[in-house]
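Shown below: run.cif, with mmCIF, C-alpha atoms.
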data_data
loop_
_atom_site.label_atom_id
_atom_site.label_comp_id
_atom_site.auth_asym_id
_atom_site.auth_seq_id
_atom_site.Cartn_x
_atom_site.Cartn_y
_atom_site.Cartn_z
CA MET A 1 -52.02 74.21 -162.10
CA ASN A 2 -50.56 70.72 -162.44
CA THR A 3 -54.04 69.26 -162.91
CA PHE A 4 -54.97 71.95 -165.44
CA ILE A 5 -51.86 71.47 -167.63
CA PHE A 6 -51.92 67.67 -167.72
CA GLY A 7 -55.73 67.54 -167.95
CA THR A 8 -55.65 69.86 -170.96
CA LEU A 9 -52.86 67.75 -172.50
CA ALA A 10 -54.97 64.60 -172.08
CA ILE A 11 -58.08 66.20 -173.62
CA ILE A 12 -56.20 67.69 -176.58
CA SER A 13 -54.40 64.40 -177.19
CA LEU A 14 -57.65 62.42 -177.16
CA PHE A 15 -59.18 64.94 -179.56
CA ILE A 16 -56.19 64.50 -181.90
CA PHE A 17 -56.42 60.70 -181.62
CA PHE A 18 -60.12 60.52 -182.45
CA ASN A 19 -59.78 62.89 -185.42
CA LEU A 20 -56.40 61.96 -186.86
CA GLY A 21 -56.94 58.24 -186.22
CA LYS A 22 -59.70 58.17 -188.82
CA VAL A 23 -57.54 59.77 -191.49
CA LYS A 24 -55.58 57.51 -193.82
CA ALA A 25 -51.81 57.64 -193.38
CA SER A 26 -49.73 59.65 -195.86
CA ARG A 27 -48.50 58.18 -199.15
CA LYS A 28 -44.99 58.40 -197.73
CA GLN A 29 -46.08 55.88 -195.09
CA LEU A 30 -48.20 53.60 -197.26
CA ASP A 31 -46.29 53.51 -200.56
CA ARG A 32 -43.18 51.76 -199.33
CA ASN A 33 -41.81 48.40 -200.34
CA ASN A 34 -40.37 47.65 -196.88
CA ARG A 35 -43.69 47.61 -195.06
CA ILE A 36 -44.51 44.87 -192.54
CA ASN A 37 -46.60 42.25 -194.30
CA ARG A 38 -48.82 40.77 -191.59
CA PHE A 39 -51.73 39.54 -193.63
CA GLY A 40 -49.89 38.21 -196.69
CA ASN A 41 -50.45 39.42 -200.22
CA GLN A 42 -54.18 39.41 -199.89
CA GLU A 43 -56.11 41.34 -202.48
CA PRO A 44 -59.18 43.10 -201.14
CA ASN A 45 -62.21 40.94 -201.68
CA ASN A 46 -64.05 42.39 -204.67
CA ILE A 47 -66.47 39.58 -205.36
CA ILE A 48 -69.87 41.13 -205.11
CA GLU A 49 -72.97 39.11 -204.58
CA GLY A 50 -75.62 39.56 -207.22
CA GLU A 51 -77.72 37.79 -209.75
CA ALA A 52 -76.22 36.59 -212.97
CA GLU A 53 -78.26 36.54 -216.10
CA GLU A 54 -77.80 33.90 -218.77
CA ILE A 55 -77.14 35.36 -222.19
CA ASN A 56 -79.14 33.69 -224.88
CA ASP A 57 -77.96 33.62 -228.44
CA LYS A 58 -81.63 33.61 -229.49
CA ASP A 59 -82.16 37.09 -228.00
CA ASP A 60 -79.29 38.42 -230.08
CA ASP A 61 -80.64 36.88 -233.24
CA GLN A 62 -84.12 38.28 -232.57
CA LYS A 63 -82.70 41.78 -232.03
CA ASN A 64 -80.59 41.60 -235.16
CA SER A 65 -83.52 40.51 -237.28
CA MET B 1 -67.79 41.63 -232.75
CA SER B 2 -71.18 40.30 -231.68
CA ARG B 3 -71.72 39.42 -228.04
CA HIS B 4 -71.83 35.63 -228.47
CA SER B 5 -68.63 35.54 -230.53
CA ALA B 6 -66.88 37.64 -227.89
CA ILE B 7 -67.99 35.14 -225.27
CA ASN B 8 -66.67 32.30 -227.37
CA ARG B 9 -63.32 33.99 -227.75
CA PHE B 10 -62.73 35.42 -224.26
CA GLY B 11 -65.08 33.39 -222.09
CA ARG B 12 -67.73 34.84 -219.77
CA SER B 13 -66.68 37.87 -217.80
CA THR B 14 -66.86 37.54 -214.03
CA ASN B 15 -66.79 41.29 -213.63
CA PRO B 16 -69.91 42.05 -211.57
CA ALA B 17 -70.20 45.49 -213.12
CA PHE B 18 -71.31 43.73 -216.32
CA SER B 19 -74.11 41.76 -214.71
CA ARG B 20 -77.52 43.31 -215.19
CA GLY B 21 -78.83 41.83 -211.94
CA PHE B 22 -76.38 43.89 -209.86
CA ASP B 23 -77.71 44.38 -206.38
CA SER B 24 -76.33 47.52 -204.74
CA THR B 25 -77.63 46.66 -201.28
CA SER B 26 -75.74 43.37 -201.15
CA TYR B 27 -72.64 45.21 -202.39
CA GLU B 28 -72.92 47.70 -199.55
CA ALA B 29 -73.47 44.88 -197.06
CA SER B 30 -70.39 43.02 -198.22
CA MET B 31 -68.34 46.23 -198.08
CA GLY B 32 -69.78 46.98 -194.62
CA GLU B 33 -68.25 43.82 -193.20
CA ARG B 34 -64.70 45.01 -193.87
CA MET B 35 -62.40 46.54 -191.27
CA THR B 36 -62.18 50.35 -191.41
CA LEU B 37 -60.07 52.99 -189.67
CA ASP B 38 -63.24 54.67 -188.38
CA GLY B 39 -64.46 51.43 -186.85
CA ALA B 40 -61.16 50.67 -185.13
CA VAL B 41 -60.91 54.20 -183.68
CA ASN B 42 -64.53 54.11 -182.49
CA LYS B 43 -63.99 50.75 -180.85
CA THR B 44 -60.85 52.07 -179.13
CA GLY B 45 -63.07 54.89 -177.83
CA ILE B 46 -65.55 52.34 -176.45
CA LEU B 47 -62.74 50.41 -174.74
CA LEU B 48 -61.28 53.63 -173.28
CA ALA B 49 -64.72 54.61 -171.92
CA LEU B 50 -65.09 51.16 -170.33
CA CYS B 51 -61.58 51.41 -168.89
CA PHE B 52 -62.37 54.80 -167.32
CA SER B 53 -65.64 53.38 -165.90
CA GLY B 54 -63.69 50.47 -164.42
CA ALA B 55 -61.11 52.89 -163.01
CA PHE B 56 -63.90 54.80 -161.25
CA ILE B 57 -65.02 51.54 -159.59
CA GLY B 58 -61.44 50.55 -158.70
CA TRP B 59 -60.71 54.00 -157.27
CA ASN B 60 -63.76 53.77 -154.96
CA ILE B 61 -63.42 50.06 -154.09
CA PRO B 62 -59.65 49.36 -153.90
CA ALA B 63 -60.33 45.81 -152.64
CA LEU B 64 -61.16 44.87 -156.25
CA ILE B 65 -57.63 45.66 -157.48
CA TRP B 66 -56.33 42.05 -157.55
CA PRO B 67 -59.52 40.41 -158.86
CA GLY B 68 -59.48 43.06 -161.61
CA ALA B 69 -55.83 42.35 -162.44
CA ILE B 70 -56.26 38.55 -162.54
CA ILE B 71 -59.51 38.62 -164.55
CA GLY B 72 -57.97 41.17 -166.92
CA PHE B 73 -54.90 38.98 -167.44
CA ILE B 74 -57.02 35.88 -168.14
CA LEU B 75 -59.23 37.81 -170.58
CA ALA B 76 -56.13 39.16 -172.36
CA MET B 77 -54.76 35.62 -172.78
CA VAL B 78 -58.15 34.40 -174.03
CA THR B 79 -58.35 37.26 -176.56
CA ILE B 80 -54.79 36.71 -177.81
CA PHE B 81 -54.81 32.92 -178.06
CA ARG B 82 -58.47 32.29 -178.96
CA ASN B 83 -59.97 33.06 -182.32
CA PRO B 84 -59.59 36.84 -183.00
CA ALA B 85 -63.21 36.78 -184.20
CA LYS B 86 -64.28 36.55 -180.54
CA ALA B 87 -62.34 39.72 -179.57
CA GLY B 88 -65.61 41.66 -179.71
CA SER B 89 -66.89 39.84 -176.65
CA THR B 90 -63.70 39.59 -174.57
CA ALA B 91 -62.03 42.96 -175.29
CA PRO B 92 -64.73 45.13 -173.57
CA LEU B 93 -64.62 42.88 -170.48
CA TYR B 94 -60.82 43.09 -170.51
CA ALA B 95 -60.96 46.90 -170.63
CA LEU B 96 -63.42 47.00 -167.73
CA ALA B 97 -61.38 44.57 -165.58
CA GLN B 98 -58.09 46.34 -166.31
CA GLY B 99 -59.80 49.66 -165.57
CA ILE B 100 -60.70 48.39 -162.09
CA PHE B 101 -57.06 47.36 -161.56
CA LEU B 102 -55.74 50.69 -162.86
CA GLY B 103 -58.18 52.66 -160.64
CA GLY B 104 -56.95 50.82 -157.54
CA ILE B 105 -53.25 51.09 -158.36
CA THR B 106 -53.59 54.76 -159.29
CA LEU B 107 -55.16 55.42 -155.90
CA MET B 108 -52.14 53.77 -154.24
CA TYR B 109 -49.71 55.93 -156.20
CA GLU B 110 -51.81 59.05 -155.67
CA SER B 111 -51.80 58.57 -151.89
CA ALA B 112 -47.98 58.46 -151.98
CA PHE B 113 -47.39 61.14 -154.64
CA GLU B 114 -50.13 63.74 -154.93
CA GLY B 115 -51.09 64.69 -158.49
CA ILE B 116 -49.29 61.74 -160.09
CA ALA B 117 -52.45 60.32 -161.71
CA ILE B 118 -53.24 63.31 -163.90
CA GLN B 119 -49.55 63.62 -164.87
CA ALA B 120 -49.45 59.99 -165.98
CA ILE B 121 -52.78 60.23 -167.85
CA GLY B 122 -51.67 63.43 -169.62
CA LEU B 123 -48.30 61.97 -170.62
CA THR B 124 -49.82 58.68 -171.81
CA PHE B 125 -52.33 60.36 -174.11
CA GLY B 126 -49.70 62.93 -175.12
CA ILE B 127 -47.39 60.14 -176.30
CA LEU B 128 -50.33 58.45 -178.05
CA ALA B 129 -51.24 61.58 -180.01
CA SER B 130 -47.68 62.59 -180.89
CA LEU B 131 -46.74 59.11 -182.11
CA LEU B 132 -49.96 58.91 -184.11
CA MET B 133 -49.02 62.17 -185.83
CA CYS B 134 -45.49 60.86 -186.49
CA TYR B 135 -46.93 57.62 -187.90
CA LYS B 136 -49.58 59.22 -190.10
CA SER B 137 -47.11 61.73 -191.54
CA GLY B 138 -44.59 58.97 -192.30
CA LEU B 139 -41.96 60.34 -189.92
CA ILE B 140 -41.71 56.93 -188.22
CA LYS B 141 -41.79 54.04 -190.68
CA PRO B 142 -42.36 50.61 -189.17
CA THR B 143 -40.40 47.97 -191.09
CA GLU B 144 -39.61 44.31 -190.40
CA ASN B 145 -36.34 45.36 -188.70
CA PHE B 146 -38.22 47.91 -186.59
CA LYS B 147 -40.67 45.19 -185.54
CA LEU B 148 -37.82 42.80 -184.73
CA MET B 149 -36.12 45.44 -182.57
CA VAL B 150 -39.33 46.27 -180.66
CA VAL B 151 -40.32 42.62 -180.16
CA ALA B 152 -36.80 41.70 -178.97
CA GLY B 153 -36.81 44.63 -176.54
CA ILE B 154 -40.25 43.75 -175.20
CA GLY B 155 -39.14 40.12 -174.81
CA GLY B 156 -36.17 41.25 -172.68
CA ILE B 157 -38.39 43.50 -170.56
CA PHE B 158 -40.88 40.71 -169.91
CA LEU B 159 -38.02 38.40 -168.91
CA LEU B 160 -37.02 41.05 -166.38
CA TYR B 161 -40.62 41.22 -165.09
CA LEU B 162 -40.68 37.44 -164.80
CA VAL B 163 -37.39 37.31 -162.83
CA SER B 164 -38.67 40.05 -160.51
CA PHE B 165 -42.00 38.22 -160.07
CA ILE B 166 -40.25 34.93 -159.18
CA MET B 167 -37.82 36.74 -156.84
CA SER B 168 -40.75 38.36 -155.05
CA PHE B 169 -41.76 34.91 -153.75
CA PHE B 170 -38.42 34.70 -151.93
CA GLY B 171 -38.68 38.00 -150.14
CA SER B 172 -37.57 40.69 -152.58
CA GLY B 173 -38.18 41.55 -156.21
CA LEU B 174 -35.68 43.39 -158.38
CA SER B 175 -34.98 46.71 -156.68
CA LEU B 176 -34.46 48.31 -160.11
CA LEU B 177 -38.18 47.95 -160.80
CA SER B 178 -39.25 49.32 -157.43
CA PRO B 179 -41.15 52.64 -157.70
CA SER B 180 -39.35 53.89 -154.57
CA ASN B 181 -35.90 53.38 -156.16
CA GLY B 182 -34.84 56.82 -157.34
CA SER B 183 -31.36 55.84 -158.56
CA LEU B 184 -30.25 56.99 -162.00
CA MET B 185 -29.93 53.39 -163.20
CA SER B 186 -33.49 52.61 -162.13
CA ILE B 187 -34.86 55.77 -163.77
CA GLY B 188 -32.87 54.99 -166.93
CA LEU B 189 -34.37 51.52 -167.05
CA SER B 190 -37.88 52.97 -166.69
CA ILE B 191 -37.23 55.48 -169.47
CA GLY B 192 -36.09 52.59 -171.69
CA ILE B 193 -39.24 50.60 -170.90
CA VAL B 194 -41.43 53.65 -171.64
CA CYS B 195 -39.62 54.04 -174.99
CA PHE B 196 -40.30 50.42 -175.96
CA ALA B 197 -43.95 50.67 -174.87
CA SER B 198 -44.27 53.84 -176.97
CA LEU B 199 -42.69 52.24 -180.04
CA SER B 200 -45.05 49.34 -179.62
CA LEU B 201 -47.90 51.84 -180.18
CA VAL B 202 -46.50 52.47 -183.68
CA LEU B 203 -46.80 48.74 -184.45
CA ASP B 204 -50.43 48.86 -183.29
CA PHE B 205 -51.19 51.84 -185.57
CA ASP B 206 -49.59 50.01 -188.46
CA PHE B 207 -51.58 46.86 -187.71
CA ILE B 208 -54.86 48.80 -187.84
CA GLU B 209 -53.84 50.74 -190.96
CA GLU B 210 -52.77 47.59 -192.82
CA GLY B 211 -55.86 45.66 -191.72
CA ALA B 212 -58.15 48.41 -193.02
CA GLU B 213 -56.15 48.75 -196.23
CA LYS B 214 -56.27 45.03 -196.98
CA GLY B 215 -59.97 44.80 -196.18
CA MET B 216 -59.70 42.39 -193.25
CA PRO B 217 -62.94 41.19 -191.64
CA ARG B 218 -64.78 43.61 -189.38
CA TYR B 219 -64.00 41.73 -186.15
CA MET B 220 -60.34 42.76 -186.60
CA GLU B 221 -61.43 46.26 -185.56
CA TRP B 222 -62.00 44.88 -182.07
CA TYR B 223 -58.70 43.04 -182.18
CA GLY B 224 -56.82 46.18 -183.28
CA ALA B 225 -58.53 48.26 -180.59
CA PHE B 226 -57.69 45.58 -178.01
CA SER B 227 -53.99 45.54 -178.94
CA LEU B 228 -53.91 49.33 -178.70
CA MET B 229 -55.52 49.16 -175.23
CA VAL B 230 -53.02 46.56 -174.00
CA THR B 231 -50.13 48.83 -175.04
CA LEU B 232 -51.77 51.95 -173.60
CA ILE B 233 -52.35 50.25 -170.23
CA TRP B 234 -48.75 49.04 -170.14
CA LEU B 235 -47.49 52.51 -171.08
CA TYR B 236 -49.63 54.16 -168.39
CA LEU B 237 -48.35 51.80 -165.67
CA GLU B 238 -44.73 52.38 -166.71
CA ILE B 239 -45.20 56.16 -166.77
CA LEU B 240 -46.72 55.98 -163.28
CA ARG B 241 -43.66 54.03 -162.12
CA LEU B 242 -41.25 56.42 -163.84
CA ILE B 243 -42.82 59.52 -162.28
CA ALA B 244 -42.87 57.83 -158.87
CA LYS B 245 -39.14 57.05 -159.20
CA MET B 246 -38.35 60.61 -160.25
CA ARG B 247 -40.33 62.04 -157.36
CA SER B 248 -38.62 59.66 -154.91
CA ARG B 249 -35.25 61.27 -155.59
#
Could you render the structure from this file as C-alpha cells?
Amino acid sequence: MNTFIFGTLAIISLFIFFNLGKVKASRKQLDRNNRINRFGNQEPNNIIEGEAEEINDKDDDQKNS
Amino acid sequence: MSRHSAINRFGRSTNPAFSRGFDSTSYEASMGERMTLDGAVNKTGILLALCFSGAFIGWNIPALIWPGAIIGFILAMVTIFRNPAKAGSTAPLYALAQGIFLGGITLMYESAFEGIAIQAIGLTFGILASLLMCYKSGLIKPTENFKLMVVAGIGGIFLLYLVSFIMSFFGSGLSLLSPSNGSLMSIGLSIGIVCFASLSLVLDFDFIEEGAEKGMPRYMEWYGAFSLMVTLIWLYLEILRLIAKMRSR
C-alpha cells in the first residue's frame, strides 16, 4: 500500500512537471517590477541574418519614367 | 515621399523585415539557438533518466557509492566554476555519478527502514510538482529579498555540514544531523533544511523561466537542468534523512 501511494504520487508529480514545466508562467508571475534580474537588461537578440540589397537611385528614376 | 528622399532623411532602416533578401531558414536557425522552456524541461528529463540508471547500478553494486559521490562532486564543481557552455558535457556525467551514489545510499537506508526509498522519491517529486504549480500560478513570487533569504539559509546549512564533516575526523559528527537521532530538535532541523531545499527549487524555476524569456543561448538549458538536478538530489537526501529520523523515534 505504501509503495502504491508513494509510487503513484511520484508518477503523477513527474507527469505534472513534464507538462506544466513547458507552459509559460502566469502574467502575475512575469509582469512584476521586483523580479530577480540575473541576466541584466538584455533585449532578446532580434538581429536576423540575411542578405541586404543596395537601393539604387537609378532604379527609381527608371520606374518613374 | 520617394524612397531615396526618405533614406536621406531617416537613414537606412536596419529592420530585417524590409530587406528583400530575407532568408527564413537562417532566421529559424538563429531562433533555434535560444534557450526555451521545452528544451530545459526535456534536458531535465534526460538528466533524471541518467540519474535513475545510475541509481540502478549503485543499488546493485554498493561498492561504487563513494567513487560515485566523489566523481559527482568534482563534476558539479567543474560545471559550476567552468564555462556554463560546457554544461552539456558535464551535467549528464554528473547525473549518472550522483545516481550511483544515491542508489547505494538508498540501499543503506532501505535496509534499515523498509519502504523508505519510495516514500522519499514520492515526496521529492510531490514537492517538485506542487512548487512548480505555485510558481507558475504566481502564488510564490521570487524577489531579490527572497533570493537573499534562501541563499543566506543555504549558506548557514552548508556551514553546519562543514562543521559536522570536520568533526567526523575527530570521532563524531554533529549528532543533530545523524539519521538515527529522533529528537524533536533534530527533526525540526531536518524540516528546516527540507524547506530551504524546496525554496531553492523556486529559484531554479525562475532561473529557467527568465533565461528562456530573455533568449539566453541554448547551452543554458543544460545549465538550468543541472541546477534543478543539484537541488532535487539535495532535497531527496534530506527527505531520506528526515524520514529516517522520524522512524527512529
Could I get the residues of chain A with an atom no further than 7 Å from an atom of chain B, each paired with its nearest atom pair and that distance in Å to one decimal, using only C-alpha atoms, sorted by chain and residue number, as a Markdown table?
| residue | atom | partner | partner_atom | distance |
| --- | --- | --- | --- | --- |
| A:Thr3 | CA | B:Ile118 | CA | 6.1 |
| A:Phe6 | CA | B:Gly122 | CA | 4.7 |
| A:Gly7 | CA | B:Gly122 | CA | 6.0 |
| A:Leu9 | CA | B:Gly122 | CA | 5.3 |
| A:Ala10 | CA | B:Gly122 | CA | 4.3 |
| A:Ser13 | CA | B:Ala129 | CA | 5.1 |
| A:Leu14 | CA | B:Phe125 | CA | 6.5 |
| A:Ile16 | CA | B:Ala129 | CA | 6.0 |
| A:Phe17 | CA | B:Ala129 | CA | 5.5 |
| A:Phe18 | CA | B:Val41 | CA | 6.5 |
| A:Gly21 | CA | B:Val41 | CA | 6.2 |
| A:Lys22 | CA | B:Asp38 | CA | 5.0 |
| A:Ala25 | CA | B:Lys136 | CA | 4.3 |
| A:Ser26 | CA | B:Ser137 | CA | 5.5 |
| A:Lys28 | CA | B:Gly138 | CA | 5.5 |
| A:Gln29 | CA | B:Gly138 | CA | 4.4 |
| A:Asn34 | CA | B:Thr143 | CA | 5.8 |
| A:Arg35 | CA | B:Thr143 | CA | 5.2 |
| A:Ile36 | CA | B:Thr143 | CA | 5.3 |
| A:Gln42 | CA | B:Lys214 | CA | 6.7 |
| A:Glu43 | CA | B:Lys214 | CA | 6.6 |
| A:Pro44 | CA | B:Gly215 | CA | 5.3 |
| A:Ile48 | CA | B:Tyr27 | CA | 5.6 |
| A:Glu49 | CA | B:Ser26 | CA | 6.1 |
| A:Gly50 | CA | B:Phe22 | CA | 5.1 |
| A:Glu51 | CA | B:Gly21 | CA | 4.7 |
| A:Ala52 | CA | B:Ser19 | CA | 5.8 |
| A:Glu53 | CA | B:Gly21 | CA | 6.8 |
| A:Asp57 | CA | B:His4 | CA | 6.5 |
- Message: Using the chain letters and numbers from this file, what does the PyMOL selection byres ((chain B and resi 238) around 10) select? Give the answer as a ChimeraX atom specification.
- Response: /B:120,124,177,179,190-195,197,232-237,239-244
Keeping C-alpha atoms for every residue in the selection just given, could you write it to a file as a PDB file, in the frame of the given file?
ATOM      1  CA  ALA B 120     -49.450  59.990-165.980  1.00  0.00           C
ATOM      2  CA  THR B 124     -49.820  58.680-171.810  1.00  0.00           C
ATOM      3  CA  LEU B 177     -38.180  47.950-160.800  1.00  0.00           C
ATOM      4  CA  PRO B 179     -41.150  52.640-157.700  1.00  0.00           C
ATOM      5  CA  SER B 190     -37.880  52.970-166.690  1.00  0.00           C
ATOM      6  CA  ILE B 191     -37.230  55.480-169.470  1.00  0.00           C
ATOM      7  CA  GLY B 192     -36.090  52.590-171.690  1.00  0.00           C
ATOM      8  CA  ILE B 193     -39.240  50.600-170.900  1.00  0.00           C
ATOM      9  CA  VAL B 194     -41.430  53.650-171.640  1.00  0.00           C
ATOM     10  CA  CYS B 195     -39.620  54.040-174.990  1.00  0.00           C
ATOM     11  CA  ALA B 197     -43.950  50.670-174.870  1.00  0.00           C
ATOM     12  CA  LEU B 232     -51.770  51.950-173.600  1.00  0.00           C
ATOM     13  CA  ILE B 233     -52.350  50.250-170.230  1.00  0.00           C
ATOM     14  CA  TRP B 234     -48.750  49.040-170.140  1.00  0.00           C
ATOM     15  CA  LEU B 235     -47.490  52.510-171.080  1.00  0.00           C
ATOM     16  CA  TYR B 236     -49.630  54.160-168.390  1.00  0.00           C
ATOM     17  CA  LEU B 237     -48.350  51.800-165.670  1.00  0.00           C
ATOM     18  CA  ILE B 239     -45.200  56.160-166.770  1.00  0.00           C
ATOM     19  CA  LEU B 240     -46.720  55.980-163.280  1.00  0.00           C
ATOM     20  CA  ARG B 241     -43.660  54.030-162.120  1.00  0.00           C
ATOM     21  CA  LEU B 242     -41.250  56.420-163.840  1.00  0.00           C
ATOM     22  CA  ILE B 243     -42.820  59.520-162.280  1.00  0.00           C
ATOM     23  CA  ALA B 244     -42.870  57.830-158.870  1.00  0.00           C
TER      24      ALA B 244
END
- Query: Expanded to explicit residues, what is the PyMOL selection byres ((chain B and resi 92) around 9) for this file, as a PyMOL selection string?
  - Reply: chain B and resi 46-47+50-51+87-91+93-97+222+226
I'd like the box whose edges run along x, y and z of the file and which contains every listed atom of range 15-25 of chain A, padded by 8 Å per side; could you state its centre and edge lengths in Å, one decimal, as JSON?
{"center_x": -56.0, "center_y": 61.2, "center_z": -186.7, "size_x": 24.3, "size_y": 23.4, "size_z": 30.3}
- Task: To one decimal in Å, tell me the separation between CA of Ser178 in chain B and CA of Tyr109 in chain B.
- Result: 12.4 Å
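Between CA of Ala69 in chain B and CA of Leu160 in chain B the separation is 19.3 Å.
Relative to CA of Gly104 in chain B, CA of Ser227 in chain B is found at 22.2 Å.
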- Task: Name the residues captured by the PyMOL selection byres ((chain B and resi 249) around 12) when it is applied to the shown file; answer as a PyMOL selection string.
- Result: chain B and resi 179-184+186-187+242-248
